[in-house]
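Text of the file my_file.pdb, holding PDB, C-alpha atoms, pLDDT in the B column:
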```pdb
ATOM      1  CA  MET M   1     128.188 175.735 217.868  1.00 64.00           C
ATOM      2  CA  ILE M   2     129.069 178.988 219.602  1.00 69.00           C
ATOM      3  CA  TYR M   3     128.768 177.426 223.039  1.00 69.00           C
ATOM      4  CA  ARG M   4     130.825 174.413 221.968  1.00 73.00           C
ATOM      5  CA  TRP M   5     133.777 176.673 221.151  1.00 77.00           C
ATOM      6  CA  LYS M   6     133.178 178.744 224.270  1.00 76.00           C
ATOM      7  CA  GLU M   7     133.206 175.723 226.584  1.00 77.00           C
ATOM      8  CA  THR M   8     136.104 173.854 224.951  1.00 81.00           C
ATOM      9  CA  GLY M   9     138.805 175.391 227.149  1.00 84.00           C
ATOM     10  CA  TRP M  10     136.885 174.740 230.347  1.00 85.00           C
ATOM     11  CA  GLY M  11     136.142 171.153 229.312  1.00 85.00           C
ATOM     12  CA  THR M  12     139.805 170.561 228.516  1.00 89.00           C
ATOM     13  CA  ILE M  13     140.822 171.692 231.986  1.00 92.00           C
ATOM     14  CA  ILE M  14     138.224 169.439 233.623  1.00 93.00           C
ATOM     15  CA  TYR M  15     139.190 166.346 231.613  1.00 93.00           C
ATOM     16  CA  LEU M  16     142.937 166.918 232.077  1.00 93.00           C
ATOM     17  CA  ALA M  17     142.396 167.193 235.823  1.00 94.00           C
ATOM     18  CA  ALA M  18     140.432 163.941 235.758  1.00 94.00           C
ATOM     19  CA  LEU M  19     143.189 162.239 233.754  1.00 93.00           C
ATOM     20  CA  THR M  20     145.794 163.174 236.366  1.00 93.00           C
ATOM     21  CA  SER M  21     143.863 161.165 238.939  1.00 91.00           C
ATOM     22  CA  VAL M  22     144.319 157.915 236.961  1.00 92.00           C
ATOM     23  CA  ASP M  23     147.010 155.745 238.545  1.00 92.00           C
ATOM     24  CA  PRO M  24     149.978 155.359 236.136  1.00 92.00           C
ATOM     25  CA  GLN M  25     150.583 151.870 237.516  1.00 94.00           C
ATOM     26  CA  LEU M  26     147.372 150.741 235.824  1.00 92.00           C
ATOM     27  CA  TYR M  27     148.813 151.672 232.439  1.00 92.00           C
ATOM     28  CA  GLU M  28     152.103 150.010 233.294  1.00 92.00           C
ATOM     29  CA  ALA M  29     150.379 146.792 234.356  1.00 93.00           C
ATOM     30  CA  ALA M  30     148.246 146.794 231.210  1.00 92.00           C
ATOM     31  CA  GLU M  31     151.341 147.286 229.050  1.00 92.00           C
ATOM     32  CA  ILE M  32     153.056 144.354 230.747  1.00 91.00           C
ATOM     33  CA  ASP M  33     149.947 142.251 230.084  1.00 91.00           C
ATOM     34  CA  GLY M  34     150.236 143.121 226.386  1.00 91.00           C
ATOM     35  CA  ALA M  35     147.532 145.752 226.040  1.00 89.00           C
ATOM     36  CA  GLY M  36     148.153 148.341 223.350  1.00 91.00           C
ATOM     37  CA  ARG M  37     147.135 151.986 223.431  1.00 92.00           C
ATOM     38  CA  TRP M  38     143.599 151.276 222.229  1.00 94.00           C
ATOM     39  CA  LYS M  39     142.950 148.623 224.893  1.00 93.00           C
ATOM     40  CA  GLN M  40     144.438 150.877 227.585  1.00 93.00           C
ATOM     41  CA  THR M  41     142.145 153.684 226.510  1.00 92.00           C
ATOM     42  CA  LEU M  42     139.128 151.416 226.344  1.00 93.00           C
ATOM     43  CA  HIS M  43     139.669 149.580 229.643  1.00 93.00           C
ATOM     44  CA  ILE M  44     141.491 152.127 231.837  1.00 93.00           C
ATOM     45  CA  THR M  45     141.060 155.714 230.626  1.00 93.00           C
ATOM     46  CA  ILE M  46     137.368 155.717 229.704  1.00 93.00           C
ATOM     47  CA  PRO M  47     136.186 153.932 232.894  1.00 92.00           C
ATOM     48  CA  ALA M  48     138.297 156.348 234.951  1.00 92.00           C
ATOM     49  CA  LEU M  49     136.781 159.342 233.120  1.00 92.00           C
ATOM     50  CA  LEU M  50     133.197 158.042 233.176  1.00 88.00           C
ATOM     51  CA  PRO M  51     132.160 159.835 236.403  1.00 87.00           C
ATOM     52  CA  THR M  52     133.570 163.117 235.077  1.00 89.00           C
ATOM     53  CA  ILE M  53     131.919 162.599 231.681  1.00 88.00           C
ATOM     54  CA  LEU M  54     128.533 162.020 233.321  1.00 84.00           C
ATOM     55  CA  VAL M  55     128.796 165.058 235.615  1.00 84.00           C
ATOM     56  CA  VAL M  56     129.805 167.325 232.721  1.00 86.00           C
ATOM     57  CA  PHE M  57     126.991 165.846 230.612  1.00 83.00           C
ATOM     58  CA  ILE M  58     124.384 166.580 233.293  1.00 81.00           C
ATOM     59  CA  LEU M  59     125.679 170.133 233.744  1.00 80.00           C
ATOM     60  CA  ASP M  60     125.636 170.716 229.979  1.00 82.00           C
ATOM     61  CA  ILE M  61     122.066 169.410 229.707  1.00 82.00           C
ATOM     62  CA  GLY M  62     121.080 172.121 232.179  1.00 75.00           C
ATOM     63  CA  LYS M  63     122.491 174.763 229.830  1.00 78.00           C
ATOM     64  CA  ILE M  64     121.020 173.377 226.626  1.00 78.00           C
ATOM     65  CA  LEU M  65     118.034 175.749 226.539  1.00 81.00           C
ATOM     66  CA  ASN M  66     119.913 178.856 227.674  1.00 80.00           C
ATOM     67  CA  ILE M  67     121.086 180.118 224.314  1.00 80.00           C
ATOM     68  CA  PHE M  68     120.102 183.775 224.207  1.00 81.00           C
ATOM     69  CA  GLU M  69     122.982 186.213 223.661  1.00 80.00           C
ATOM     70  CA  PRO M  70     124.329 184.933 220.318  1.00 80.00           C
ATOM     71  CA  ILE M  71     120.817 184.834 218.865  1.00 81.00           C
ATOM     72  CA  PHE M  72     119.814 188.188 220.336  1.00 82.00           C
ATOM     73  CA  VAL M  73     122.836 189.956 218.853  1.00 83.00           C
ATOM     74  CA  LEU M  74     121.783 188.929 215.331  1.00 81.00           C
ATOM     75  CA  TYR M  75     118.067 189.328 215.985  1.00 80.00           C
ATOM     76  CA  ASN M  76     115.812 191.594 213.872  1.00 81.00           C
ATOM     77  CA  ASP M  77     112.354 191.574 212.307  1.00 80.00           C
ATOM     78  CA  MET M  78     113.539 189.805 209.160  1.00 85.00           C
ATOM     79  CA  VAL M  79     114.779 186.671 210.946  1.00 82.00           C
ATOM     80  CA  TYR M  80     112.044 186.051 213.539  1.00 78.00           C
ATOM     81  CA  ASP M  81     110.705 183.066 211.612  1.00 80.00           C
ATOM     82  CA  VAL M  82     114.033 181.220 211.486  1.00 84.00           C
ATOM     83  CA  ALA M  83     115.999 182.539 214.461  1.00 80.00           C
ATOM     84  CA  ASP M  84     113.453 182.514 217.275  1.00 83.00           C
ATOM     85  CA  VAL M  85     114.387 180.306 220.222  1.00 85.00           C
ATOM     86  CA  ILE M  86     112.501 180.055 223.503  1.00 88.00           C
ATOM     87  CA  GLY M  87     114.623 182.712 225.232  1.00 88.00           C
ATOM     88  CA  THR M  88     114.308 185.306 222.490  1.00 87.00           C
ATOM     89  CA  TYR M  89     110.613 184.541 222.006  1.00 89.00           C
ATOM     90  CA  SER M  90     110.029 185.072 225.726  1.00 91.00           C
ATOM     91  CA  TYR M  91     111.937 188.359 225.552  1.00 89.00           C
ATOM     92  CA  ARG M  92     110.046 189.525 222.462  1.00 88.00           C
ATOM     93  CA  ILE M  93     106.632 188.706 223.948  1.00 91.00           C
ATOM     94  CA  GLY M  94     107.404 189.939 227.457  1.00 93.00           C
ATOM     95  CA  MET M  95     109.444 193.064 226.847  1.00 90.00           C
ATOM     96  CA  ARG M  96     108.732 194.300 223.338  1.00 88.00           C
ATOM     97  CA  GLN M  97     104.995 193.514 223.292  1.00 91.00           C
ATOM     98  CA  ALA M  98     104.592 194.257 227.038  1.00 92.00           C
ATOM     99  CA  ASN M  99     102.784 190.976 227.687  1.00 93.00           C
ATOM    100  CA  TYR M 100     104.617 190.250 230.938  1.00 94.00           C
ATOM    101  CA  GLY M 101     102.414 187.372 232.054  1.00 94.00           C
ATOM    102  CA  LEU M 102     102.879 185.361 228.860  1.00 94.00           C
ATOM    103  CA  GLY M 103     106.608 186.147 228.764  1.00 93.00           C
ATOM    104  CA  THR M 104     106.963 184.911 232.331  1.00 94.00           C
ATOM    105  CA  ALA M 105     104.937 181.778 231.572  1.00 95.00           C
ATOM    106  CA  ILE M 106     107.169 181.003 228.592  1.00 93.00           C
ATOM    107  CA  GLY M 107     110.288 181.455 230.735  1.00 91.00           C
ATOM    108  CA  LEU M 108     108.822 179.224 233.429  1.00 94.00           C
ATOM    109  CA  PHE M 109     107.989 176.566 230.832  1.00 93.00           C
ATOM    110  CA  LYS M 110     111.591 176.700 229.584  1.00 91.00           C
ATOM    111  CA  SER M 111     112.839 176.232 233.151  1.00 90.00           C
ATOM    112  CA  VAL M 112     110.539 173.268 233.751  1.00 92.00           C
ATOM    113  CA  VAL M 113     111.665 171.604 230.513  1.00 91.00           C
ATOM    114  CA  GLY M 114     115.312 172.177 231.516  1.00 88.00           C
ATOM    115  CA  MET M 115     114.678 170.684 234.954  1.00 90.00           C
ATOM    116  CA  VAL M 116     112.994 167.631 233.423  1.00 91.00           C
ATOM    117  CA  LEU M 117     115.961 167.137 231.091  1.00 89.00           C
ATOM    118  CA  VAL M 118     118.403 167.350 234.022  1.00 87.00           C
ATOM    119  CA  LEU M 119     116.354 164.882 236.078  1.00 90.00           C
ATOM    120  CA  ILE M 120     116.178 162.424 233.161  1.00 90.00           C
ATOM    121  CA  SER M 121     119.924 162.648 232.552  1.00 87.00           C
ATOM    122  CA  ASN M 122     120.559 162.214 236.284  1.00 84.00           C
ATOM    123  CA  HIS M 123     118.344 159.105 236.263  1.00 88.00           C
ATOM    124  CA  LEU M 124     120.305 157.719 233.308  1.00 86.00           C
ATOM    125  CA  SER M 125     123.533 158.505 235.156  1.00 83.00           C
ATOM    126  CA  LYS M 126     122.300 156.497 238.133  1.00 85.00           C
ATOM    127  CA  LYS M 127     121.642 153.551 235.835  1.00 86.00           C
ATOM    128  CA  VAL M 128     125.054 153.746 234.157  1.00 80.00           C
ATOM    129  CA  LYS M 129     127.291 154.756 237.047  1.00 76.00           C
ATOM    130  CA  GLY M 130     125.244 153.726 240.040  1.00 78.00           C
ATOM    131  CA  SER M 131     124.951 157.269 241.394  1.00 73.00           C
ATOM    132  CA  GLY M 132     123.916 160.657 240.109  1.00 73.00           C
ATOM    133  CA  ILE M 133     124.829 164.162 241.152  1.00 74.00           C
ATOM    134  CA  LEU M 134     121.413 164.948 242.608  1.00 72.00           C
TER
END
```
Whole structure given in structure tokens:
Amino acid sequence: MIYRWKETGWGTIIYLAALTSVDPQLYEAAEIDGAGRWKQTLHITIPALLPTILVVFILDIGKILNIFEPIFVLYNDMVYDVADVIGTYSYRIGMRQANYGLGTAIGLFKSVVGMVLVLISNHLSKKVKGSGIL
């Protein structure tokens, strides 16, 4: 939830920039043909935004496992059982318990899982859009 609020402004800028690239004549032609706002959104706006939506989705998938700071700020011995995520667990094992090898292995595992998620979402993007970003 914290990252959703943090990224809202950036996402708004990206989507507004993508909306400015839509030709206004498409909306005008659709209005002449009798399409209302809903049909214009469904048949003009969403297909025009689809490449941007897919790129932002793939980039957000890459960040899905990187939640560390908000958890770490509220982190203490009493909440380990309910607040531990991969990043804080790796930090706790590697730095606090001085088990550097296991901490590094956990971080590497997190990176591999993130890469697999990005590759899967890129593959799905290729199926939907015809091309991915990788």
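Taking all atoms listed in the file into account, those protein, DNA and RNA residues with any atom at most 8 Å away from (127.4, 157.8, 238.6) amount to M:Leu50, M:Pro51, M:Leu54, M:Val55, M:Ser125, M:Lys126, M:Lys127, M:Val128, M:Lys129, M:Gly130, M:Ser131, M:Gly132, M:Ile133.
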Do you know which residues are at most 10 Å from M:Asp23 counting all atoms listed in the file, after dropping those on the same chain fewer than 3 positions away, and could you put them as an mmCIF file with C-alpha atoms, in the frame of the given file?
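Printed below is around-v6.cif as written:
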```cif
data_model
loop_
_atom_site.group_PDB
_atom_site.id
_atom_site.type_symbol
_atom_site.label_atom_id
_atom_site.label_comp_id
_atom_site.auth_asym_id
_atom_site.auth_seq_id
_atom_site.Cartn_x
_atom_site.Cartn_y
_atom_site.Cartn_z
ATOM 1 C CA LEU M 19 143.189 162.239 233.754
ATOM 2 C CA THR M 20 145.794 163.174 236.366
ATOM 3 C CA LEU M 26 147.372 150.741 235.824
ATOM 4 C CA TYR M 27 148.813 151.672 232.439
ATOM 5 C CA GLU M 28 152.103 150.010 233.294
ATOM 6 C CA ILE M 44 141.491 152.127 231.837
ATOM 7 C CA THR M 45 141.060 155.714 230.626
ATOM 8 C CA ALA M 48 138.297 156.348 234.951
#
```
Nearest to M:Ile106 by atom-to-atom distance, counting all atoms listed in the file, from M:Ser121, M:Leu65, M:Tyr89, M:Ala30: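 For M:Ile106, the nearest of the candidates is M:Tyr89.
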Between atom CA of M:Ile14 and atom CA of M:Lys63, distance in Å (one decimal):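 According to the coordinates, atom CA of M:Ile14 and atom CA of M:Lys63 are separated by 17.0 Å.
Computed from the coordinates, the atom CA of M:Asp60 to atom CA of M:Val118 distance equals 8.9 Å.
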Within 12 Å of file point (115.8, 187.8, 220.5), counting all atoms listed in the file, expressed as an MDAnalysis selection string: chainID M and resid 67:96
Saved selection, atoms kept: C-alpha atoms, as a compact mmCIF listing (two decimals), in the coordinates of the input:
```txt
# COMPACT_ATOMS: atom_id res chain seq x y z
CA ILE M 67 121.09 180.12 224.31
CA PHE M 68 120.10 183.78 224.21
CA GLU M 69 122.98 186.21 223.66
CA PRO M 70 124.33 184.93 220.32
CA ILE M 71 120.82 184.83 218.86
CA PHE M 72 119.81 188.19 220.34
CA VAL M 73 122.84 189.96 218.85
CA LEU M 74 121.78 188.93 215.33
CA TYR M 75 118.07 189.33 215.98
CA ASN M 76 115.81 191.59 213.87
CA ASP M 77 112.35 191.57 212.31
CA MET M 78 113.54 189.80 209.16
CA VAL M 79 114.78 186.67 210.95
CA TYR M 80 112.04 186.05 213.54
CA ASP M 81 110.70 183.07 211.61
CA VAL M 82 114.03 181.22 211.49
CA ALA M 83 116.00 182.54 214.46
CA ASP M 84 113.45 182.51 217.28
CA VAL M 85 114.39 180.31 220.22
CA ILE M 86 112.50 180.06 223.50
CA GLY M 87 114.62 182.71 225.23
CA THR M 88 114.31 185.31 222.49
CA TYR M 89 110.61 184.54 222.01
CA SER M 90 110.03 185.07 225.73
CA TYR M 91 111.94 188.36 225.55
CA ARG M 92 110.05 189.52 222.46
CA ILE M 93 106.63 188.71 223.95
CA GLY M 94 107.40 189.94 227.46
CA MET M 95 109.44 193.06 226.85
CA ARG M 96 108.73 194.30 223.34
```
